[in-house]
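Data from query.pdb: PDB, C-alpha atoms and all ligand atoms
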ATOM      1  CA  MET A   1     104.069  90.256 114.263  1.00  0.00           C
ATOM      2  CA  ASP A   2     103.314  93.792 115.454  1.00  0.00           C
ATOM      3  CA  GLU A   3     106.139  93.563 117.981  1.00  0.00           C
ATOM      4  CA  VAL A   4     108.592  92.477 115.281  1.00  0.00           C
ATOM      5  CA  LEU A   5     107.564  95.344 113.018  1.00  0.00           C
ATOM      6  CA  GLU A   6     107.869  97.821 115.876  1.00  0.00           C
ATOM      7  CA  SER A   7     111.646  97.691 115.659  1.00  0.00           C
ATOM      8  CA  PRO A   8     112.647 100.325 113.063  1.00  0.00           C
ATOM      9  CA  ALA A   9     115.749  98.330 112.076  1.00  0.00           C
ATOM     10  CA  VAL A  10     113.711  95.179 111.465  1.00  0.00           C
ATOM     11  CA  LYS A  11     111.055  97.057 109.563  1.00  0.00           C
ATOM     12  CA  ALA A  12     113.661  98.742 107.363  1.00  0.00           C
ATOM     13  CA  TYR A  13     115.219  95.357 106.648  1.00  0.00           C
ATOM     14  CA  LEU A  14     111.859  93.843 105.711  1.00  0.00           C
ATOM     15  CA  ILE A  15     110.900  96.766 103.483  1.00  0.00           C
ATOM     16  CA  ARG A  16     114.158  96.294 101.558  1.00  0.00           C
ATOM     17  CA  LEU A  17     113.442  92.570 101.327  1.00  0.00           C
ATOM     18  CA  ILE A  18     109.747  92.394 100.437  1.00  0.00           C
ATOM     19  CA  GLY A  19     108.585  95.984  99.887  1.00  0.00           C
ATOM     20  CA  GLU A  20     105.512  97.744 101.232  1.00  0.00           C
ATOM     21  CA  GLU A  21     103.170  95.150  99.779  1.00  0.00           C
ATOM     22  CA  GLY A  22     105.089  92.387 101.517  1.00  0.00           C
ATOM     23  CA  ILE A  23     104.837  94.275 104.802  1.00  0.00           C
ATOM     24  CA  ASN A  24     101.129  94.574 104.146  1.00  0.00           C
ATOM     25  CA  LEU A  25     100.907  90.780 103.907  1.00  0.00           C
ATOM     26  CA  LEU A  26     102.898  90.337 107.124  1.00  0.00           C
ATOM     27  CA  GLU A  27     100.593  92.720 108.951  1.00  0.00           C
ATOM     28  CA  LYS A  28      97.505  90.889 107.776  1.00  0.00           C
ATOM     29  CA  PHE A  29      98.897  87.375 108.046  1.00  0.00           C
ATOM     30  CA  PRO A  30      96.627  85.410 110.434  1.00  0.00           C
ATOM     31  CA  GLU A  31      98.285  84.811 113.797  1.00  0.00           C
ATOM     32  CA  GLU A  32      97.429  81.135 113.970  1.00  0.00           C
ATOM     33  CA  GLY A  33      97.406  78.195 111.632  1.00  0.00           C
ATOM     34  CA  GLU A  34      98.686  77.380 108.171  1.00  0.00           C
ATOM     35  CA  TRP A  35      97.395  78.983 104.985  1.00  0.00           C
ATOM     36  CA  SER A  36      97.581  78.407 101.283  1.00  0.00           C
ATOM     37  CA  ASP A  37      98.604  81.282  99.026  1.00  0.00           C
ATOM     38  CA  GLU A  38      95.039  81.483  97.707  1.00  0.00           C
ATOM     39  CA  GLN A  39      93.579  81.652 101.193  1.00  0.00           C
ATOM     40  CA  LEU A  40      96.039  84.376 102.095  1.00  0.00           C
ATOM     41  CA  ALA A  41      95.168  86.388  99.000  1.00  0.00           C
ATOM     42  CA  ALA A  42      91.441  86.056  99.764  1.00  0.00           C
ATOM     43  CA  GLU A  43      91.946  86.838 103.454  1.00  0.00           C
ATOM     44  CA  THR A  44      94.156  89.898 102.947  1.00  0.00           C
ATOM     45  CA  GLY A  45      92.897  91.298  99.640  1.00  0.00           C
ATOM     46  CA  ILE A  46      96.464  91.306  98.272  1.00  0.00           C
ATOM     47  CA  ASN A  47      96.776  89.923  94.765  1.00  0.00           C
ATOM     48  CA  LEU A  48      97.857  86.313  94.454  1.00  0.00           C
ATOM     49  CA  ASN A  49     101.070  86.902  92.537  1.00  0.00           C
ATOM     50  CA  SER A  50     102.224  89.415  95.086  1.00  0.00           C
ATOM     51  CA  VAL A  51     101.386  86.996  97.931  1.00  0.00           C
ATOM     52  CA  ARG A  52     103.374  84.243  96.199  1.00  0.00           C
ATOM     53  CA  HIS A  53     106.323  86.504  95.520  1.00  0.00           C
ATOM     54  CA  THR A  54     106.449  87.641  99.150  1.00  0.00           C
ATOM     55  CA  LEU A  55     106.119  84.091 100.491  1.00  0.00           C
ATOM     56  CA  TYR A  56     108.897  82.857  98.252  1.00  0.00           C
ATOM     57  CA  THR A  57     111.214  85.729  99.186  1.00  0.00           C
ATOM     58  CA  LEU A  58     110.548  85.076 102.878  1.00  0.00           C
ATOM     59  CA  TYR A  59     111.064  81.352 102.329  1.00  0.00           C
ATOM     60  CA  GLU A  60     114.480  81.948 100.767  1.00  0.00           C
ATOM     61  CA  LYS A  61     115.460  83.800 103.945  1.00  0.00           C
ATOM     62  CA  ARG A  62     113.921  81.059 106.169  1.00  0.00           C
ATOM     63  CA  LEU A  63     111.325  83.559 107.415  1.00  0.00           C
ATOM     64  CA  ALA A  64     108.431  81.469 106.096  1.00  0.00           C
ATOM     65  CA  GLU A  65     107.909  77.719 105.844  1.00  0.00           C
ATOM     66  CA  TYR A  66     105.392  75.529 104.109  1.00  0.00           C
ATOM     67  CA  ARG A  67     103.934  72.080 104.470  1.00  0.00           C
ATOM     68  CA  ARG A  68     102.913  70.247 101.343  1.00  0.00           C
ATOM     69  CA  ILE A  69      99.728  68.225 101.326  1.00  0.00           C
ATOM     70  CA  LYS A  70      98.539  65.962  98.585  1.00  0.00           C
ATOM     71  CA  ASN A  71      94.872  65.587  97.792  1.00  0.00           C
ATOM     72  CA  ASN A  72      94.443  61.813  97.411  1.00  0.00           C
ATOM     73  CA  GLU A  73      91.571  62.122  94.951  1.00  0.00           C
ATOM     74  CA  THR A  74      92.928  64.724  92.570  1.00  0.00           C
ATOM     75  CA  GLY A  75      96.627  64.311  93.233  1.00  0.00           C
ATOM     76  CA  TRP A  76      96.908  68.120  93.548  1.00  0.00           C
ATOM     77  CA  LEU A  77      99.481  69.519  95.919  1.00  0.00           C
ATOM     78  CA  THR A  78      98.624  72.284  98.319  1.00  0.00           C
ATOM     79  CA  TYR A  79     101.246  74.324 100.105  1.00  0.00           C
ATOM     80  CA  LEU A  80     100.305  75.530 103.533  1.00  0.00           C
ATOM     81  CA  TRP A  81     102.348  78.422 104.835  1.00  0.00           C
ATOM     82  CA  HIS A  82     103.244  79.837 108.181  1.00  0.00           C
ATOM     83  CA  LEU A  83     105.672  82.582 109.142  1.00  0.00           C
ATOM     84  CA  ARG A  84     108.938  82.134 111.015  1.00  0.00           C
ATOM     85  CA  MET A  85     109.436  85.672 112.220  1.00  0.00           C
ATOM     86  CA  ASP A  86     111.167  84.252 115.281  1.00  0.00           C
ATOM     87  CA  MET A  87     114.143  83.821 112.912  1.00  0.00           C
ATOM     88  CA  ILE A  88     114.312  87.499 111.965  1.00  0.00           C
ATOM     89  CA  PHE A  89     117.181  88.563 114.234  1.00  0.00           C
ATOM     90  CA  GLU A  90     119.302  85.584 113.262  1.00  0.00           C
ATOM     91  CA  VAL A  91     118.651  86.246 109.568  1.00  0.00           C
ATOM     92  CA  ILE A  92     119.536  89.927 109.857  1.00  0.00           C
ATOM     93  CA  ARG A  93     122.652  89.010 111.779  1.00  0.00           C
ATOM     94  CA  GLU A  94     123.765  86.570 109.076  1.00  0.00           C
ATOM     95  CA  ASP A  95     123.184  89.159 106.375  1.00  0.00           C
ATOM     96  CA  LEU A  96     125.258  91.680 108.293  1.00  0.00           C
ATOM     97  CA  GLU A  97     128.060  89.115 108.718  1.00  0.00           C
ATOM     98  CA  THR A  98     128.078  88.574 104.956  1.00  0.00           C
ATOM     99  CA  ILE A  99     128.164  92.311 104.257  1.00  0.00           C
ATOM    100  CA  LEU A 100     130.946  92.705 106.809  1.00  0.00           C
ATOM    101  CA  GLU A 101     133.084  90.053 105.102  1.00  0.00           C
ATOM    102  CA  LYS A 102     132.636  91.754 101.726  1.00  0.00           C
ATOM    103  CA  LEU A 103     133.507  95.158 103.128  1.00  0.00           C
ATOM    104  CA  LYS A 104     136.603  93.770 104.839  1.00  0.00           C
ATOM    105  CA  ALA A 105     137.748  92.175 101.582  1.00  0.00           C
ATOM    106  CA  ARG A 106     137.224  95.501  99.833  1.00  0.00           C
ATOM    107  CA  GLU A 107     139.122  97.292 102.586  1.00  0.00           C
ATOM    108  CA  ARG A 108     142.075  94.927 102.151  1.00  0.00           C
ATOM    109  CA  TYR A 109     142.005  95.457  98.390  1.00  0.00           C
ATOM    110  CA  GLU A 110     141.980  99.233  98.808  1.00  0.00           C
ATOM    111  CA  GLU A 111     144.776  99.101 101.393  1.00  0.00           C
ATOM    112  CA  GLU A 112     146.996  96.755  99.416  1.00  0.00           C
ATOM    113  CA  ASN A 113     146.703  98.598  96.131  1.00  0.00           C
ATOM    114  CA  ASP A 114     147.895 101.893  94.820  1.00  0.00           C
ATOM    115  CA  PHE A 115     145.562 103.365  92.201  1.00  0.00           C
ATOM    116  CA  TYR A 116     145.938 105.399  89.039  1.00  0.00           C
ATOM    117  CA  ILE A 117     143.207 107.165  87.164  1.00  0.00           C
ATOM    118  CA  CYS A 118     142.616 108.414  83.660  1.00  0.00           C
ATOM    119  CA  LYS A 119     140.620 111.551  84.300  1.00  0.00           C
ATOM    120  CA  ALA A 120     139.400 111.690  80.707  1.00  0.00           C
ATOM    121  CA  CYS A 121     137.792 108.218  80.795  1.00  0.00           C
ATOM    122  CA  ASN A 122     137.293 108.104  84.562  1.00  0.00           C
ATOM    123  CA  MET A 123     138.918 104.657  84.576  1.00  0.00           C
ATOM    124  CA  LEU A 124     140.800 103.357  87.560  1.00  0.00           C
ATOM    125  CA  TYR A 125     143.849 101.102  87.385  1.00  0.00           C
ATOM    126  CA  THR A 126     145.930  99.371  90.004  1.00  0.00           C
ATOM    127  CA  PHE A 127     149.655 100.050  90.104  1.00  0.00           C
ATOM    128  CA  ASN A 128     150.418  96.802  88.265  1.00  0.00           C
ATOM    129  CA  GLU A 129     147.832  97.466  85.573  1.00  0.00           C
ATOM    130  CA  ALA A 130     149.114 101.004  85.126  1.00  0.00           C
ATOM    131  CA  MET A 131     152.720  99.777  84.968  1.00  0.00           C
ATOM    132  CA  ASP A 132     151.849  97.380  82.177  1.00  0.00           C
ATOM    133  CA  VAL A 133     150.725 100.244  79.976  1.00  0.00           C
ATOM    134  CA  GLU A 134     153.429 102.639  81.220  1.00  0.00           C
ATOM    135  CA  PHE A 135     150.832 104.843  82.925  1.00  0.00           C
ATOM    136  CA  MET A 136     149.203 105.745  79.622  1.00  0.00           C
ATOM    137  CA  CYS A 137     145.461 105.090  79.406  1.00  0.00           C
ATOM    138  CA  PRO A 138     144.834 102.219  76.959  1.00  0.00           C
ATOM    139  CA  ALA A 139     141.502 103.757  75.949  1.00  0.00           C
ATOM    140  CA  CYS A 140     142.523 107.333  75.148  1.00  0.00           C
ATOM    141  CA  ASP A 141     146.316 107.354  75.450  1.00  0.00           C
ATOM    142  CA  GLN A 142     146.426 110.121  78.041  1.00  0.00           C
ATOM    143  CA  LYS A 143     148.773 110.067  80.973  1.00  0.00           C
ATOM    144  CA  MET A 144     147.281 108.656  84.165  1.00  0.00           C
ATOM    145  CA  GLU A 145     147.434 110.378  87.520  1.00  0.00           C
ATOM    146  CA  HIS A 146     147.816 108.932  90.970  1.00  0.00           C
ATOM    147  CA  PHE A 147     144.427 108.353  92.596  1.00  0.00           C
ATOM    148  CA  ASP A 148     144.064 108.918  96.308  1.00  0.00           C
ATOM    149  CA  ASN A 149     141.614 106.380  97.774  1.00  0.00           C
ATOM    150  CA  GLU A 150     141.891 107.792 101.298  1.00  0.00           C
ATOM    151  CA  ILE A 151     138.319 109.128 101.411  1.00  0.00           C
ATOM    152  CA  LEU A 152     136.882 105.854 100.144  1.00  0.00           C
ATOM    153  CA  LEU A 153     138.987 103.882 102.602  1.00  0.00           C
ATOM    154  CA  ARG A 154     137.877 106.080 105.472  1.00  0.00           C
ATOM    155  CA  ALA A 155     134.209 105.616 104.504  1.00  0.00           C
ATOM    156  CA  LEU A 156     134.750 101.843 104.300  1.00  0.00           C
ATOM    157  CA  LYS A 157     136.326 101.729 107.740  1.00  0.00           C
ATOM    158  CA  LYS A 158     133.459 103.742 109.173  1.00  0.00           C
ATOM    159  CA  ARG A 159     130.866 101.337 107.756  1.00  0.00           C
ATOM    160  CA  ILE A 160     132.857  98.330 108.961  1.00  0.00           C
ATOM    161  CA  GLU A 161     133.058  99.792 112.472  1.00  0.00           C
ATOM    162  CA  ALA A 162     129.320 100.552 112.477  1.00  0.00           C
ATOM    163  CA  ILE A 163     128.431  96.993 111.460  1.00  0.00           C
ATOM    164  CA  LYS A 164     130.855  95.505 113.970  1.00  0.00           C
ATOM    165  CA  GLU A 165     129.244  97.573 116.666  1.00  0.00           C
ATOM    166  CA  THR A 166     125.769  96.398 115.649  1.00  0.00           C
ATOM    167  CA  LEU A 167     126.970  92.807 115.708  1.00  0.00           C
ATOM    168  CA  GLY A 168     128.712  93.291 119.020  1.00  0.00           C
ATOM    169  CA  HIS A 169     132.154  92.538 117.545  1.00  0.00           C
ATOM    170  CA  ALA A 170     133.641  95.878 118.438  1.00  0.00           C
TER     171      ALA A 170
HETATM  172 ZN    ZN B   1     141.583 107.443  79.138  1.00  0.00          ZN
END
Can you present the structure in this file as structure tokens?
Amino acid sequence: MDEVLESPAVKAYLIRLIGEEGINLLEKFPEEGEWSDEQLAAETGINLNSVRHTLYTLYEKRLAEYRRIKNNETGWLTYLWHLRMDMIFEVIREDLETILEKLKARERYEEENDFYICKACNMLYTFNEAMDVEFMCPACDQKMEHFDNEILLRALKKRIEAIKETLGHA
């Protein structure tokens, strides 16, 4: 676990995902074995709800797994957890791929459209939308102006390049 958290990129990702308290749980998570949420709370001193929330968030990302055991006498179910931090790089990679696809779609949209703005309302319209209302803002009836999206587009391209480089697509 310590090795995983040593990477600043991984740590930053995990802080965004589960917060400082989640990191706290990861750091104190016993190296071996499987643990119930109650055991983990008792072992680490982190409150039970926070432990559960972190485990569930990790589970959704496939970074934690559980095994369910049924007590034959009471019928109660116990969930025993262990971490799957070996998945972390794959999970981060998948997230980056998803972000990349969204940014590329946005880039296409920005490249394929010409934009008009009402500076009074700060509303943006595509060429077709602006045409439909004869370049007069439907909200305040002022004349729209052409909006230059060059800066936005340049920032998008920069982020796309950076992610591609991280993913080794460049
Ligand atoms: Zn307006």
Next on the checklist: Around ligand ZN 1 (chain B), out to 12 Å and counting all atoms listed in the file, which residues are there? I want them as number ranges by chain.
Outcome noted: A: 116-125, 130, 133, 135-145
Can you list what the PyMOL selection byres (((chain A and resi 45-54) around 10) and not hetatm) grabs from this structure, as a tab-separated table (two decimals) with C-alpha atoms, in the coordinates of the input?
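After the write, expr_20.tsv holds the following:
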chain	number	residue	atom	x	y	z
A	17	LEU	CA	113.44	92.57	101.33
A	18	ILE	CA	109.75	92.39	100.44
A	19	GLY	CA	108.58	95.98	99.89
A	21	GLU	CA	103.17	95.15	99.78
A	22	GLY	CA	105.09	92.39	101.52
A	23	ILE	CA	104.84	94.28	104.80
A	24	ASN	CA	101.13	94.57	104.15
A	25	LEU	CA	100.91	90.78	103.91
A	26	LEU	CA	102.90	90.34	107.12
A	28	LYS	CA	97.50	90.89	107.78
A	36	SER	CA	97.58	78.41	101.28
A	37	ASP	CA	98.60	81.28	99.03
A	38	GLU	CA	95.04	81.48	97.71
A	39	GLN	CA	93.58	81.65	101.19
A	40	LEU	CA	96.04	84.38	102.10
A	41	ALA	CA	95.17	86.39	99.00
A	42	ALA	CA	91.44	86.06	99.76
A	43	GLU	CA	91.95	86.84	103.45
A	44	THR	CA	94.16	89.90	102.95
A	55	LEU	CA	106.12	84.09	100.49
A	56	TYR	CA	108.90	82.86	98.25
A	57	THR	CA	111.21	85.73	99.19
A	58	LEU	CA	110.55	85.08	102.88
A	59	TYR	CA	111.06	81.35	102.33
A	60	GLU	CA	114.48	81.95	100.77
A	64	ALA	CA	108.43	81.47	106.10
Given 6 Å of margin on each side, can you work out the centre and size in Å (one decimal) of an axis-aligned box holding every listed atom of segment 60-67 of chain A, as lines of an AutoDock Vina configuration file?
center_x = 109.7
center_y = 77.9
center_z = 104.1
size_x = 23.5
size_y = 23.7
size_z = 18.6
Item to check | Test item: residues at most 9 Å from segment 152-166 of chain A, only C-alpha atoms, excluding those fewer than 2 positions along its chain, as an MDAnalysis selection string | outcome: chainID A and resid 93 96:97 99:100 103:104 106:107 110:111 148:150 168:170
Keeping only C-alpha atoms, write the selected residues to a file as a tab-separated table (two decimals), keeping the file's coordinate frame.
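What follows is the written file result06.tsv:
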chain	number	residue	atom	x	y	z
A	93	ARG	CA	122.65	89.01	111.78
A	96	LEU	CA	125.26	91.68	108.29
A	97	GLU	CA	128.06	89.12	108.72
A	99	ILE	CA	128.16	92.31	104.26
A	100	LEU	CA	130.95	92.70	106.81
A	103	LEU	CA	133.51	95.16	103.13
A	104	LYS	CA	136.60	93.77	104.84
A	106	ARG	CA	137.22	95.50	99.83
A	107	GLU	CA	139.12	97.29	102.59
A	110	GLU	CA	141.98	99.23	98.81
A	111	GLU	CA	144.78	99.10	101.39
A	148	ASP	CA	144.06	108.92	96.31
A	149	ASN	CA	141.61	106.38	97.77
A	150	GLU	CA	141.89	107.79	101.30
A	168	GLY	CA	128.71	93.29	119.02
A	169	HIS	CA	132.15	92.54	117.54
A	170	ALA	CA	133.64	95.88	118.44
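Taking atom CA of Met87 of chain A and atom CA of Leu63 of chain A as endpoints, the distance between them is 6.2 Å.
You can rank A:Thr78, A:His146, A:Glu31, A:Asp95 by their closest distance to Thr126 of chain A using all atoms listed in the file, and at the top of that list sits A:His146.
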Checklist entry - Given the choices A:Leu167, A:Ile92, A:Ile69, A:Ile151, which gets closest to Ala9 of chain A if the distance is worked out from all atoms listed in the file? => result A:Ile92
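Considering the residues A:Leu77, A:Arg68, A:Met85, A:Glu90 and counting all atoms listed in the file, Glu27 of chain A has its shortest atom-to-atom contact with A:Met85.
Atom to atom, atom CA of Trp35 of chain A and atom CA of Thr74 of chain A stand 19.4 Å apart.
The interatomic distance for the pair atom CA of His82 of chain A and atom CA of Gly33 of chain A works out to 7.0 Å.
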